[in-house]
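Source file: structure_10.cif. Holds: mmCIF, C-alpha atoms (C1' of nucleotides).
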```cif
data_model
loop_
_atom_site.label_atom_id
_atom_site.label_comp_id
_atom_site.auth_asym_id
_atom_site.auth_seq_id
_atom_site.Cartn_x
_atom_site.Cartn_y
_atom_site.Cartn_z
CA MET A 1 -30.74 -20.36 0.11
CA ASN A 2 -27.06 -20.72 -0.06
CA ASP A 3 -26.89 -20.36 -3.79
CA GLN A 4 -28.37 -16.91 -3.94
CA ASP A 5 -27.24 -15.42 -0.68
CA THR A 6 -27.79 -11.75 -1.27
CA GLY A 7 -26.74 -10.73 2.20
CA LEU A 8 -24.32 -7.85 2.16
CA ARG A 9 -21.59 -9.94 3.67
CA ALA A 10 -21.66 -12.39 0.78
CA ARG A 11 -22.07 -9.59 -1.76
CA LEU A 12 -18.98 -7.85 -0.45
CA VAL A 13 -16.91 -11.00 -0.71
CA ALA A 14 -18.25 -11.64 -4.22
CA ALA A 15 -17.42 -8.08 -5.26
CA GLY A 16 -13.92 -8.51 -3.86
CA VAL A 17 -13.40 -11.78 -5.71
CA GLU A 18 -14.51 -10.14 -8.94
CA LEU A 19 -12.25 -7.16 -8.35
CA VAL A 20 -9.14 -9.13 -7.50
CA THR A 21 -9.71 -11.43 -10.45
CA GLY A 22 -10.26 -8.64 -12.93
CA GLU A 23 -8.09 -5.82 -11.63
CA GLY A 24 -5.62 -7.30 -9.21
CA VAL A 25 -4.77 -6.90 -5.56
CA HIS A 26 -4.32 -3.14 -5.83
CA ALA A 27 -8.02 -2.72 -6.59
CA LEU A 28 -9.07 -4.24 -3.27
CA THR A 29 -9.53 -1.01 -1.36
CA LEU A 30 -12.31 -1.03 1.18
CA ARG A 31 -14.13 1.78 -0.54
CA GLU A 32 -13.85 0.27 -4.00
CA ILE A 33 -15.25 -3.04 -2.80
CA ALA A 34 -18.14 -1.17 -1.18
CA ARG A 35 -18.75 0.78 -4.40
CA GLN A 36 -18.71 -2.45 -6.39
CA ALA A 37 -21.28 -3.90 -4.00
CA GLY A 38 -23.40 -0.79 -4.30
CA VAL A 39 -23.21 0.37 -0.70
CA SER A 40 -21.56 3.24 1.11
CA HIS A 41 -18.01 2.98 2.34
CA GLY A 42 -19.11 2.58 5.92
CA ALA A 43 -21.39 -0.37 5.31
CA PRO A 44 -18.76 -3.15 5.33
CA ARG A 45 -17.86 -2.24 8.86
CA ARG A 46 -21.00 -3.93 10.18
CA TYR A 47 -19.72 -7.29 8.90
CA PHE A 48 -15.97 -6.84 8.86
CA ALA A 49 -14.43 -4.89 11.70
CA THR A 50 -11.43 -3.97 9.59
CA HIS A 51 -10.16 -3.98 6.05
CA VAL A 52 -7.94 -7.02 6.53
CA GLU A 53 -10.88 -9.04 7.84
CA LEU A 54 -12.68 -8.44 4.58
CA LEU A 55 -9.56 -9.29 2.60
CA SER A 56 -9.15 -12.45 4.64
CA ALA A 57 -12.70 -13.49 3.81
CA ILE A 58 -11.95 -12.95 0.12
CA ALA A 59 -8.75 -14.97 0.42
CA ARG A 60 -10.67 -17.73 2.17
CA HIS A 61 -12.85 -17.94 -0.90
CA GLY A 62 -9.71 -18.39 -2.97
CA PHE A 63 -8.47 -21.16 -0.70
CA ASP A 64 -11.78 -22.93 -1.11
CA GLU A 65 -11.53 -22.62 -4.88
CA LEU A 66 -7.99 -23.97 -4.83
CA ALA A 67 -8.94 -26.85 -2.57
CA ALA A 68 -11.80 -27.74 -4.90
CA ALA A 69 -9.53 -27.58 -7.95
CA LEU A 70 -7.00 -29.82 -6.24
CA ALA A 71 -9.66 -32.32 -5.20
CA ASP A 72 -11.01 -32.41 -8.74
CA ALA A 73 -7.58 -33.00 -10.21
CA ASP A 74 -6.89 -35.71 -7.68
CA HIS A 75 -10.13 -37.49 -8.54
CA ALA A 76 -9.54 -37.17 -12.26
CA ALA A 77 -6.10 -38.73 -11.95
CA GLY A 78 -5.50 -42.43 -11.75
CA THR A 79 -4.80 -44.35 -8.59
CA GLY A 80 -1.02 -44.34 -8.72
CA PRO A 81 0.53 -41.98 -6.16
CA ARG A 82 3.01 -40.68 -8.70
CA GLU A 83 0.35 -39.59 -11.18
CA ARG A 84 -1.82 -38.20 -8.40
CA LEU A 85 1.09 -36.09 -7.23
CA ALA A 86 1.71 -34.89 -10.77
CA ALA A 87 -1.96 -34.01 -11.16
CA LEU A 88 -1.98 -32.07 -7.90
CA ALA A 89 1.14 -30.20 -8.88
CA HIS A 90 -0.30 -29.26 -12.24
CA ALA A 91 -3.55 -28.15 -10.68
CA TYR A 92 -1.68 -26.01 -8.18
CA LEU A 93 0.30 -24.24 -10.87
CA ASP A 94 -2.73 -23.97 -13.11
CA TYR A 95 -4.70 -22.22 -10.42
CA ALA A 96 -1.87 -19.82 -9.74
CA ALA A 97 -1.68 -19.01 -13.45
CA ALA A 98 -5.44 -18.77 -13.98
CA ALA A 99 -6.09 -16.48 -11.01
CA PRO A 100 -2.83 -14.65 -10.38
CA GLY A 101 -4.46 -11.81 -8.45
CA MET A 102 -6.24 -14.16 -6.09
CA PHE A 103 -3.14 -16.31 -5.72
CA GLU A 104 -1.11 -13.26 -4.79
CA LEU A 105 -3.68 -12.18 -2.22
CA MET A 106 -3.81 -15.66 -0.71
CA PHE A 107 -0.14 -15.64 0.11
CA ARG A 108 0.31 -12.00 0.99
CA HIS A 109 0.27 -12.66 4.69
CA ASP A 110 0.81 -8.98 5.36
CA LEU A 111 -2.70 -8.36 4.03
CA LEU A 112 -4.29 -11.22 5.94
CA GLU A 113 -5.19 -11.50 9.58
CA GLY A 114 -3.60 -13.62 12.21
CA SER A 115 -1.43 -15.65 9.88
CA GLY A 116 -3.86 -18.50 10.32
CA ILE A 117 -5.55 -18.35 6.95
CA GLY A 118 -3.17 -19.90 4.50
CA LEU A 119 -1.72 -22.46 6.81
CA ARG A 120 -4.43 -24.28 8.63
CA ARG A 121 -7.26 -23.77 6.23
CA THR A 122 -5.87 -25.18 3.02
CA SER A 123 -2.18 -25.74 3.17
CA LEU A 124 -2.51 -28.26 5.93
CA PRO A 125 -4.98 -30.54 4.11
CA LEU A 126 -2.95 -30.22 0.94
CA PHE A 127 0.21 -30.90 2.84
CA GLU A 128 -1.23 -33.98 4.49
CA THR A 129 -2.29 -35.35 1.12
CA LEU A 130 1.15 -34.65 -0.28
CA THR A 131 2.83 -36.39 2.63
CA LEU A 132 0.59 -39.41 2.25
CA LEU A 133 1.25 -39.75 -1.45
CA VAL A 134 4.97 -39.14 -1.07
CA ALA A 135 5.10 -41.93 1.49
CA GLN A 136 3.52 -44.26 -1.05
CA VAL A 137 6.00 -43.26 -3.73
CA ARG A 138 8.96 -43.96 -1.46
CA PRO A 139 11.28 -41.36 -2.99
CA PRO A 140 14.87 -42.33 -3.78
CA SER A 141 16.38 -39.94 -1.26
CA GLY A 142 15.07 -41.98 1.63
CA ALA A 143 14.22 -38.85 3.58
CA GLU A 144 11.10 -38.66 5.69
CA PRO A 145 7.94 -38.26 3.63
CA ALA A 146 6.96 -35.10 5.49
CA VAL A 147 10.30 -33.50 4.64
CA VAL A 148 10.10 -34.49 1.00
CA ALA A 149 6.52 -33.26 0.82
CA GLY A 150 7.54 -29.94 2.35
CA ALA A 151 10.42 -29.50 -0.05
CA LEU A 152 8.19 -30.40 -2.98
CA TRP A 153 5.52 -27.96 -1.86
CA ALA A 154 8.11 -25.23 -1.56
CA ASN A 155 9.24 -26.07 -5.06
CA LEU A 156 5.73 -25.75 -6.44
CA HIS A 157 5.32 -22.42 -4.71
CA GLY A 158 8.58 -21.17 -6.07
CA LEU A 159 7.67 -22.21 -9.59
CA ALA A 160 4.33 -20.44 -9.30
CA GLN A 161 6.08 -17.26 -8.19
CA LEU A 162 8.73 -17.50 -10.86
CA ARG A 163 6.10 -17.75 -13.52
CA ALA A 164 3.95 -15.06 -11.95
CA TRP A 165 6.65 -12.45 -12.35
CA GLY A 166 7.90 -13.72 -15.67
CA SER A 167 11.26 -15.06 -14.57
CA LEU A 168 10.78 -18.32 -16.37
CA GLN A 169 12.44 -17.10 -19.52
CA LEU A 170 15.64 -17.00 -17.49
CA ALA A 171 15.64 -20.77 -17.23
CA THR A 172 13.99 -21.92 -20.39
CA GLY A 173 13.84 -18.97 -22.72
CA GLY A 174 10.09 -19.33 -22.90
CA ASP A 175 7.07 -19.05 -20.66
CA ASP A 176 6.59 -22.75 -20.26
CA VAL A 177 6.73 -24.00 -16.71
CA GLU A 178 6.27 -27.60 -17.79
CA PRO A 179 9.94 -28.63 -18.12
CA LEU A 180 10.75 -27.13 -14.75
CA LEU A 181 7.81 -28.87 -13.14
CA ARG A 182 8.80 -32.19 -14.67
CA ALA A 183 12.33 -31.70 -13.42
CA ALA A 184 11.09 -30.86 -9.93
CA LEU A 185 8.82 -33.89 -9.75
CA ALA A 186 11.56 -36.15 -11.04
CA ALA A 187 14.01 -34.70 -8.55
CA HIS A 188 11.84 -35.12 -5.48
CA LEU A 189 10.04 -38.33 -6.41
CA GLY A 190 12.46 -40.12 -8.66
CA PRO A 191 12.33 -40.77 -12.42
CA GLU A 192 8.94 -40.98 -14.01
CA ALA A 193 9.02 -44.61 -15.04
CA ARG A 194 9.32 -46.77 -11.98
CA MET B 1 33.76 10.64 -1.56
CA ASN B 2 31.74 7.57 -2.10
CA ASP B 3 31.98 6.37 1.45
CA GLN B 4 30.34 9.40 3.00
CA ASP B 5 27.96 10.42 0.29
CA THR B 6 25.65 12.74 2.15
CA GLY B 7 23.65 13.67 -0.92
CA LEU B 8 19.96 13.51 -0.29
CA ARG B 9 19.50 10.74 -2.80
CA ALA B 10 21.83 8.44 -0.90
CA ARG B 11 20.43 9.55 2.45
CA LEU B 12 16.92 8.66 1.34
CA VAL B 13 17.96 5.20 0.24
CA ALA B 14 19.85 4.68 3.49
CA ALA B 15 16.84 5.79 5.51
CA GLY B 16 14.67 3.39 3.53
CA VAL B 17 17.06 0.51 4.12
CA GLU B 18 17.08 1.22 7.82
CA LEU B 19 13.29 1.47 7.92
CA VAL B 20 12.60 -1.72 6.01
CA THR B 21 15.16 -3.59 8.09
CA GLY B 22 13.84 -2.35 11.38
CA GLU B 23 10.12 -1.90 10.80
CA GLY B 24 9.22 -3.82 7.68
CA VAL B 25 7.80 -3.04 4.29
CA HIS B 26 4.75 -1.27 5.70
CA ALA B 27 6.96 1.47 7.11
CA LEU B 28 8.24 2.45 3.67
CA THR B 29 5.83 5.30 3.02
CA LEU B 30 7.25 8.18 1.08
CA ARG B 31 6.61 10.64 3.88
CA GLU B 32 8.10 8.40 6.56
CA ILE B 33 11.28 7.93 4.57
CA ALA B 34 11.50 11.69 4.09
CA ARG B 35 10.97 12.25 7.82
CA GLN B 36 13.66 9.68 8.62
CA ALA B 37 16.02 11.52 6.29
CA GLY B 38 15.12 14.82 7.92
CA VAL B 39 13.56 16.52 4.91
CA SER B 40 10.08 17.54 3.92
CA HIS B 41 7.76 15.13 2.15
CA GLY B 42 8.22 16.89 -1.17
CA ALA B 43 11.99 16.67 -1.21
CA PRO B 44 12.35 13.11 -2.53
CA ARG B 45 10.52 14.09 -5.67
CA ARG B 46 13.60 15.88 -6.98
CA TYR B 47 15.50 12.57 -7.08
CA PHE B 48 12.74 10.02 -7.46
CA ALA B 49 9.83 10.93 -9.70
CA THR B 50 7.54 8.54 -7.88
CA HIS B 51 7.30 6.47 -4.76
CA VAL B 52 8.03 3.18 -6.56
CA GLU B 53 11.22 4.61 -7.99
CA LEU B 54 12.47 5.24 -4.49
CA LEU B 55 11.38 1.78 -3.38
CA SER B 56 13.16 0.31 -6.39
CA ALA B 57 16.36 2.06 -5.43
CA ILE B 58 16.06 0.63 -1.92
CA ALA B 59 15.43 -2.84 -3.33
CA ARG B 60 18.46 -2.45 -5.60
CA HIS B 61 20.52 -1.95 -2.47
CA GLY B 62 19.14 -5.22 -1.15
CA PHE B 63 20.03 -7.03 -4.36
CA ASP B 64 23.57 -5.73 -4.08
CA GLU B 65 23.78 -6.95 -0.50
CA LEU B 66 22.46 -10.34 -1.51
CA ALA B 67 24.88 -10.59 -4.42
CA ALA B 68 27.76 -9.74 -2.11
CA ALA B 69 26.65 -12.32 0.45
CA LEU B 70 26.41 -14.96 -2.24
CA ALA B 71 29.83 -14.10 -3.63
CA ASP B 72 31.34 -14.29 -0.15
CA ALA B 73 29.77 -17.67 0.51
CA ASP B 74 30.93 -18.95 -2.83
CA HIS B 75 34.49 -17.85 -2.13
CA ALA B 76 34.48 -19.31 1.36
CA ALA B 77 33.33 -22.67 0.05
CA GLY B 78 35.69 -25.21 -1.43
CA THR B 79 36.14 -25.81 -5.11
CA GLY B 80 33.71 -28.69 -5.54
CA PRO B 81 30.56 -27.66 -7.38
CA ARG B 82 28.36 -29.55 -4.97
CA GLU B 83 29.67 -27.73 -1.92
CA ARG B 84 29.61 -24.40 -3.72
CA LEU B 85 25.96 -24.96 -4.58
CA ALA B 86 25.22 -25.86 -0.98
CA ALA B 87 27.01 -22.75 0.23
CA LEU B 88 25.08 -20.54 -2.19
CA ALA B 89 21.79 -22.09 -1.15
CA HIS B 90 22.55 -21.58 2.53
CA ALA B 91 23.60 -17.99 1.93
CA TYR B 92 20.41 -17.34 0.01
CA LEU B 93 18.22 -18.65 2.80
CA ASP B 94 20.34 -16.96 5.44
CA TYR B 95 19.91 -13.60 3.79
CA ALA B 96 16.16 -14.08 3.52
CA ALA B 97 16.02 -14.95 7.21
CA ALA B 98 18.36 -12.19 8.35
CA ALA B 99 16.64 -9.41 6.42
CA PRO B 100 13.05 -10.55 5.95
CA GLY B 101 11.70 -7.07 5.31
CA MET B 102 14.23 -6.35 2.61
CA PHE B 103 13.75 -9.78 1.10
CA GLU B 104 10.02 -9.22 0.94
CA LEU B 105 10.49 -5.85 -0.72
CA MET B 106 12.92 -7.28 -3.27
CA PHE B 107 10.38 -9.74 -4.56
CA ARG B 108 7.25 -7.67 -4.24
CA HIS B 109 7.17 -6.82 -7.91
CA ASP B 110 3.99 -4.85 -7.41
CA LEU B 111 6.03 -2.32 -5.45
CA LEU B 112 8.89 -2.19 -7.93
CA GLU B 113 9.12 -0.47 -11.27
CA GLY B 114 9.21 -2.04 -14.69
CA SER B 115 9.66 -5.60 -13.45
CA GLY B 116 13.29 -5.36 -14.49
CA ILE B 117 14.84 -5.05 -11.06
CA GLY B 118 14.86 -8.48 -9.58
CA LEU B 119 15.46 -10.34 -12.78
CA ARG B 120 18.28 -8.81 -14.68
CA ARG B 121 20.13 -7.18 -11.85
CA THR B 122 20.81 -10.05 -9.53
CA SER B 123 18.80 -13.09 -10.39
CA LEU B 124 20.45 -13.41 -13.75
CA PRO B 125 24.05 -13.52 -12.44
CA LEU B 126 22.97 -15.87 -9.68
CA PHE B 127 21.13 -18.02 -12.16
CA GLU B 128 24.11 -18.21 -14.48
CA THR B 129 26.33 -19.31 -11.63
CA LEU B 130 23.80 -21.91 -10.60
CA THR B 131 23.56 -23.24 -14.14
CA LEU B 132 27.32 -23.47 -14.42
CA LEU B 133 27.71 -25.35 -11.18
CA VAL B 134 24.78 -27.63 -11.90
CA ALA B 135 26.39 -28.53 -15.22
CA GLN B 136 29.53 -29.56 -13.35
CA VAL B 137 27.60 -31.68 -10.91
CA ARG B 138 25.82 -33.54 -13.69
CA PRO B 139 22.63 -34.26 -11.76
CA PRO B 140 21.12 -37.74 -11.91
CA SER B 141 17.97 -36.65 -13.69
CA GLY B 142 19.91 -35.92 -16.84
CA ALA B 143 17.83 -32.84 -17.53
CA GLU B 144 19.39 -29.72 -19.00
CA PRO B 145 21.47 -27.81 -16.44
CA ALA B 146 19.47 -24.62 -17.01
CA VAL B 147 16.24 -26.45 -16.22
CA VAL B 148 17.65 -28.08 -13.10
CA ALA B 149 19.10 -24.75 -11.99
CA GLY B 150 15.74 -23.07 -12.50
CA ALA B 151 13.91 -25.74 -10.55
CA LEU B 152 16.46 -25.54 -7.77
CA TRP B 153 16.23 -21.77 -7.61
CA ALA B 154 12.45 -22.00 -7.39
CA ASN B 155 12.88 -24.48 -4.57
CA LEU B 156 15.13 -22.13 -2.65
CA HIS B 157 12.66 -19.32 -3.12
CA GLY B 158 9.80 -21.45 -1.93
CA LEU B 159 11.71 -22.53 1.15
CA ALA B 160 12.53 -18.91 1.97
CA GLN B 161 8.85 -17.99 1.71
CA LEU B 162 7.71 -20.99 3.71
CA ARG B 163 10.02 -20.04 6.53
CA ALA B 164 9.15 -16.35 6.25
CA TRP B 165 5.52 -16.97 7.07
CA GLY B 166 6.17 -19.72 9.56
CA SER B 167 4.80 -22.66 7.60
CA LEU B 168 7.83 -24.77 8.28
CA GLN B 169 6.32 -26.36 11.36
CA LEU B 170 3.87 -28.01 9.02
CA ALA B 171 6.65 -30.09 7.54
CA THR B 172 9.06 -30.58 10.38
CA GLY B 173 7.29 -29.50 13.53
CA GLY B 174 10.05 -26.98 14.14
CA ASP B 175 11.43 -23.83 12.61
CA ASP B 176 14.47 -25.47 11.10
CA VAL B 177 14.75 -25.17 7.35
CA GLU B 178 17.89 -27.26 7.26
CA PRO B 179 16.33 -30.71 6.68
CA LEU B 180 14.16 -29.35 3.90
CA LEU B 181 17.12 -27.67 2.28
CA ARG B 182 19.19 -30.84 2.47
CA ALA B 183 16.32 -32.77 0.93
CA ALA B 184 15.97 -30.22 -1.86
CA LEU B 185 19.67 -30.23 -2.66
CA ALA B 186 19.80 -34.02 -2.61
CA ALA B 187 16.73 -34.20 -4.83
CA HIS B 188 17.98 -31.82 -7.49
CA LEU B 189 21.68 -32.67 -7.40
CA GLY B 190 21.80 -36.25 -6.26
CA PRO B 191 22.96 -37.73 -2.96
CA GLU B 192 25.56 -35.84 -1.00
CA ALA B 193 28.36 -38.34 -1.22
CA ARG B 194 29.34 -38.84 -4.81
"C1'" DG C 1 30.73 44.19 -6.44
"C1'" DA C 2 25.72 44.05 -7.68
"C1'" DC C 3 22.48 41.25 -10.21
"C1'" DG C 4 20.04 37.59 -12.37
"C1'" DG C 5 19.14 32.85 -12.61
"C1'" DC C 6 18.79 28.38 -11.09
"C1'" DG C 7 19.13 24.19 -8.30
"C1'" DA C 8 17.37 22.38 -3.90
"C1'" DG C 9 14.21 22.01 -0.56
"C1'" DT C 10 9.62 23.84 1.72
"C1'" DA C 11 4.72 24.26 2.24
"C1'" DG C 12 0.28 23.71 0.94
"C1'" DA C 13 -3.36 21.83 -1.88
"C1'" DC C 14 -5.80 17.83 -3.88
"C1'" DA C 15 -7.91 13.35 -4.23
"C1'" DC C 16 -7.78 9.16 -2.11
"C1'" DT C 17 -7.44 5.72 1.73
"C1'" DG C 18 -9.09 3.22 6.46
"C1'" DT C 19 -11.30 4.09 10.66
"C1'" DC C 20 -14.62 6.08 13.74
"C1'" DT C 21 -19.04 8.23 15.09
"C1'" DA C 22 -23.46 10.47 14.75
"C1'" DC C 23 -27.51 9.99 12.22
"C1'" DT C 24 -31.57 8.21 9.69
"C1'" DC C 25 -34.94 4.89 8.45
"C1'" DC C 26 -37.49 0.80 8.07
"C1'" DG C 27 -39.52 -3.39 10.13
"C1'" DC C 28 -40.56 -5.82 14.05
"C1'" DT C 29 -42.31 -6.80 18.61
"C1'" DT C 30 -45.16 -5.61 22.50
"C1'" DA D 1 -49.96 2.40 17.84
"C1'" DA D 2 -45.35 3.18 20.01
"C1'" DG D 3 -40.95 2.35 20.59
"C1'" DC D 4 -36.80 -0.02 19.68
"C1'" DG D 5 -32.99 -2.03 17.42
"C1'" DG D 6 -30.51 -3.56 13.33
"C1'" DA D 7 -28.71 -1.94 8.86
"C1'" DG D 8 -26.90 1.30 6.07
"C1'" DT D 9 -25.65 6.53 5.27
"C1'" DA D 10 -22.86 10.57 5.69
"C1'" DG D 11 -19.39 13.16 7.41
"C1'" DA D 12 -15.17 13.89 10.00
"C1'" DC D 13 -10.32 12.73 10.86
"C1'" DA D 14 -5.51 11.57 10.17
"C1'" DG D 15 -2.59 9.71 6.92
"C1'" DT D 16 -0.96 8.75 2.07
"C1'" DG D 17 1.18 9.95 -2.96
"C1'" DT D 18 1.32 13.45 -6.24
"C1'" DC D 19 1.49 18.07 -8.00
"C1'" DT D 20 2.50 23.06 -7.88
"C1'" DA D 21 3.74 27.56 -6.18
"C1'" DC D 22 7.13 29.50 -3.37
"C1'" DT D 23 11.54 30.68 -1.03
"C1'" DC D 24 16.36 30.84 -0.28
"C1'" DG D 25 21.19 30.64 -1.02
"C1'" DC D 26 24.88 30.05 -4.15
"C1'" DC D 27 26.97 30.56 -8.66
"C1'" DG D 28 28.62 32.93 -12.79
"C1'" DT D 29 28.24 37.16 -15.55
"C1'" DC D 30 28.37 42.07 -16.59
#
```

Have the structure of the file written as structure tokens, please.
Amino acid sequence: MNDQDTGLRARLVAAGVELVTGEGVHALTLREIARQAGVSHGAPRRYFATHVELLSAIARHGFDELAAALADADHAAGTGPRERLAALAHAYLDYAAAAPGMFELMFRHDLLEGSGIGLRRTSLPLFETLTLLVAQVRPPSGAEPAVVAGALWANLHGLAQLRAWGSLQLATGGDDVEPLLRAALAAHLGPEAR
Amino acid sequence: MNDQDTGLRARLVAAGVELVTGEGVHALTLREIARQAGVSHGAPRRYFATHVELLSAIARHGFDELAAALADADHAAGTGPRERLAALAHAYLDYAAAAPGMFELMFRHDLLEGSGIGLRRTSLPLFETLTLLVAQVRPPSGAEPAVVAGALWANLHGLAQLRAWGSLQLATGGDDVEPLLRAALAAHLGPEAR
DNA sequence: GACGGCGAGTAGACACTGTCTACTCCGCTT
DNA sequence: AAGCGGAGTAGACAGTGTCTACTCGCCGTC
């Protein structure tokens, strides 16, 4: 039932996901999504009152994907908080690199409704996990775990952006985000070997 | 001559700067900028072949402003590399907060031409300064200064974004970026008192 | 001093966008 | 069997970026 939901609502979201993955954010016009779904340009209006509502639904799908990827990485990692944090960070950057169009949409709050998508739906669970793990690591700075987690999250975001627009070569001469990520983790959480 | 350049090219850029500062990125339509400058919608085409070229010129103005703000902050700071880095970081975040529309435009590479604006024009000088100062600080991680500078820059960017879309309350419960910035600086550069 | 040319800006067309509204049409209930 | 309502269609509308034909005023040249 849920697997093959051929309702137009689901088909529109699926078409949008395909478009943003293959073509990028610029392809996500209302009419193009409708064309891709095989309906007229007025059809989406029955399910999404406005363009941004449809875009928000597509972004929600991306947040679910990201949350699943993060959960998988967390499970695959060991039990140590340090390695779990490293796994989450890698998964975050991997998702941003694997689906750059979707990642851009997810954090283009000007395209999304009500500013409540990115924060409460996925960032908050992620952030809570980060805070929990950071508290277990007991970082050298001695700052509150929530503050360290926030700073670390901002760092991950910044690294994802840097790589997305190809600024990495400024820092490393190559396209490899790995050294920067290692440096960021070491900075916020302390040296690798504890 | 240069102070009161009333050429249409300069007037268009000025109108764009005013629009993006007052209304936001969404107001930067070609026709609206032309209206603001008091000319017909076809006039800009003589100076900017396309819409993104005009937007790029406006963004360039923002990069110049940011570079000037950073230089001022650097001069106003003392001579210690740690305090200069802190001053630069504060100035960076202050600019992003004071001119959010312009800041958004500057790093919306989908709106800018050739992806060569943000990188080589301002980020590179800033990045070189950061690397130089980081090398003087000799951060505890022992990583290469360029890598630490890159990670720190990414952190600043991430913090600016976090604040821009109001996610800060997740980490601190308030809108104050200061604790997160202090944590980031301490993480990448070592504790404040050396 | 008249004339031609040319730079600068105007005005309109075109295809496209998001939104809104009138309409068709099929399946269901009564 | 009749009617009704949900679902999708089709067209209009204002707005957008781009392109092209045009006007107009100023300059140098004969």

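The interatomic distance for the pair CA of Thr79 (chain B) and CA of Leu124 (chain B) works out to 21.8 Å.
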
Close residues, Leu54 (chain A) itself excluded, 9 Å, only C-alpha atoms (C1' of nucleotides), min 3 positions apart in chain, as a PyMOL selection string
chain A and resi 12-13+16+30+44+47-51+57-59+112

I need the residues from that last selection saved to file as a PDB file, in the frame of the given file (with C-alpha atoms), if you can.
```
ATOM      1  CA  LEU A  12     -18.980  -7.850  -0.450  1.00  0.00           C
ATOM      2  CA  VAL A  13     -16.910 -11.000  -0.710  1.00  0.00           C
ATOM      3  CA  GLY A  16     -13.920  -8.510  -3.860  1.00  0.00           C
ATOM      4  CA  LEU A  30     -12.310  -1.030   1.180  1.00  0.00           C
ATOM      5  CA  PRO A  44     -18.760  -3.150   5.330  1.00  0.00           C
ATOM      6  CA  TYR A  47     -19.720  -7.290   8.900  1.00  0.00           C
ATOM      7  CA  PHE A  48     -15.970  -6.840   8.860  1.00  0.00           C
ATOM      8  CA  ALA A  49     -14.430  -4.890  11.700  1.00  0.00           C
ATOM      9  CA  THR A  50     -11.430  -3.970   9.590  1.00  0.00           C
ATOM     10  CA  HIS A  51     -10.160  -3.980   6.050  1.00  0.00           C
ATOM     11  CA  ALA A  57     -12.700 -13.490   3.810  1.00  0.00           C
ATOM     12  CA  ILE A  58     -11.950 -12.950   0.120  1.00  0.00           C
ATOM     13  CA  ALA A  59      -8.750 -14.970   0.420  1.00  0.00           C
ATOM     14  CA  LEU A 112      -4.290 -11.220   5.940  1.00  0.00           C
TER      15      LEU A 112
END
```

At a cut-off of 6 Å, can you tabulate as a Markdown table every residue of chain A near chain B together with its closest atom pair and the distance in Å to one decimal, using all atoms listed in the file and ordering rows by chain then number?
```
| residue | atom | partner | partner_atom | distance |
| --- | --- | --- | --- | --- |
| A:Ala146 | CA | B:Ala171 | CA | 5.4 |
| A:Val147 | CA | B:Leu180 | CA | 5.7 |
| A:Gly150 | CA | B:Ala171 | CA | 5.3 |
| A:Ala151 | CA | B:Leu180 | CA | 5.4 |
| A:Ala154 | CA | B:Gly158 | CA | 4.2 |
| A:Asn155 | CA | B:Asn155 | CA | 4.0 |
| A:His157 | CA | B:Gly158 | CA | 5.4 |
| A:Gly158 | CA | B:Ala154 | CA | 4.2 |
| A:Leu159 | CA | B:Ala154 | CA | 5.3 |
| A:Ala171 | CA | B:Gly150 | CA | 5.3 |
| A:Leu180 | CA | B:Ala151 | CA | 5.4 |
| A:Ala184 | CA | B:Ala151 | CA | 5.9 |
| A:Ala187 | CA | B:Ala187 | CA | 4.6 |
| A:His188 | CA | B:Ala187 | CA | 5.0 |
```

For chain C, report every residue with an atom at most 10 Å from chain A (counting all atoms listed in the file), formatted as a PyMOL selection string.
chain C and resi 16-20

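For region 20-23 of chain D, the residues within 12 Å (counting only C-alpha atoms (C1' of nucleotides), excluding itself and residues fewer than 6 positions away along the chain) are Gly42 of chain B; DA8, DG9, DT10, DA11, DG12, DA13 and DC14 of chain C.
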
Save out the residues we just selected, C-alpha atoms (C1' of nucleotides), as a compact mmCIF listing (two decimals), in the frame of the given file.
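part-v6.txt was written with the following content:
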```
# COMPACT_ATOMS: atom_id res chain seq x y z
CA GLY B 42 8.22 16.89 -1.17
C1' DA C 8 17.37 22.38 -3.90
C1' DG C 9 14.21 22.01 -0.56
C1' DT C 10 9.62 23.84 1.72
C1' DA C 11 4.72 24.26 2.24
C1' DG C 12 0.28 23.71 0.94
C1' DA C 13 -3.36 21.83 -1.88
C1' DC C 14 -5.80 17.83 -3.88
```

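Under the PyMOL selection byres ((chain A and resi 64) around 12), the matching residues in the shown file are Ala57, Ile58, Ala59, Arg60, His61, Gly62, Phe63, Glu65, Leu66, Ala67, Ala68, Ala69, Leu70, Ala71, Tyr95, Met102, Phe103, Met106, Ile117, Gly118, Arg121, Thr122, Ser123, Pro125 and Leu126 of chain A.
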
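Applying a distance limit of 12 Å to only C-alpha atoms (C1' of nucleotides), the residues of chain D near chain B read DG15, DT16, DG17, DT18, DC19 and DT20 of chain D.
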
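Residue nearest DT29 (chain D), chosen from C:DC28, C:DA15, C:DG1, C:DC23 and counting only C-alpha atoms (C1' of nucleotides): C:DG1.
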
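Here C1' of DG6 (chain D) is placed at a distance of 9.8 Å from C1' of DC26 (chain C).
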
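Between CA of Ala99 (chain A) and CA of Glu18 (chain A) the separation is 10.7 Å.
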
Output check: residues returned by the PyMOL selection byres ((chain C and resi 24) around 10), as a PyMOL selection string:
(chain C and resi 22-23+25-26) or (chain D and resi 8-10)

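By chain and then residue number, the residues within 12 Å of DC27 (chain D) are DC3, DG4, DG5, DC6 and DG7 of chain C, counting all atoms listed in the file and disregarding those fewer than 4 positions away in sequence.
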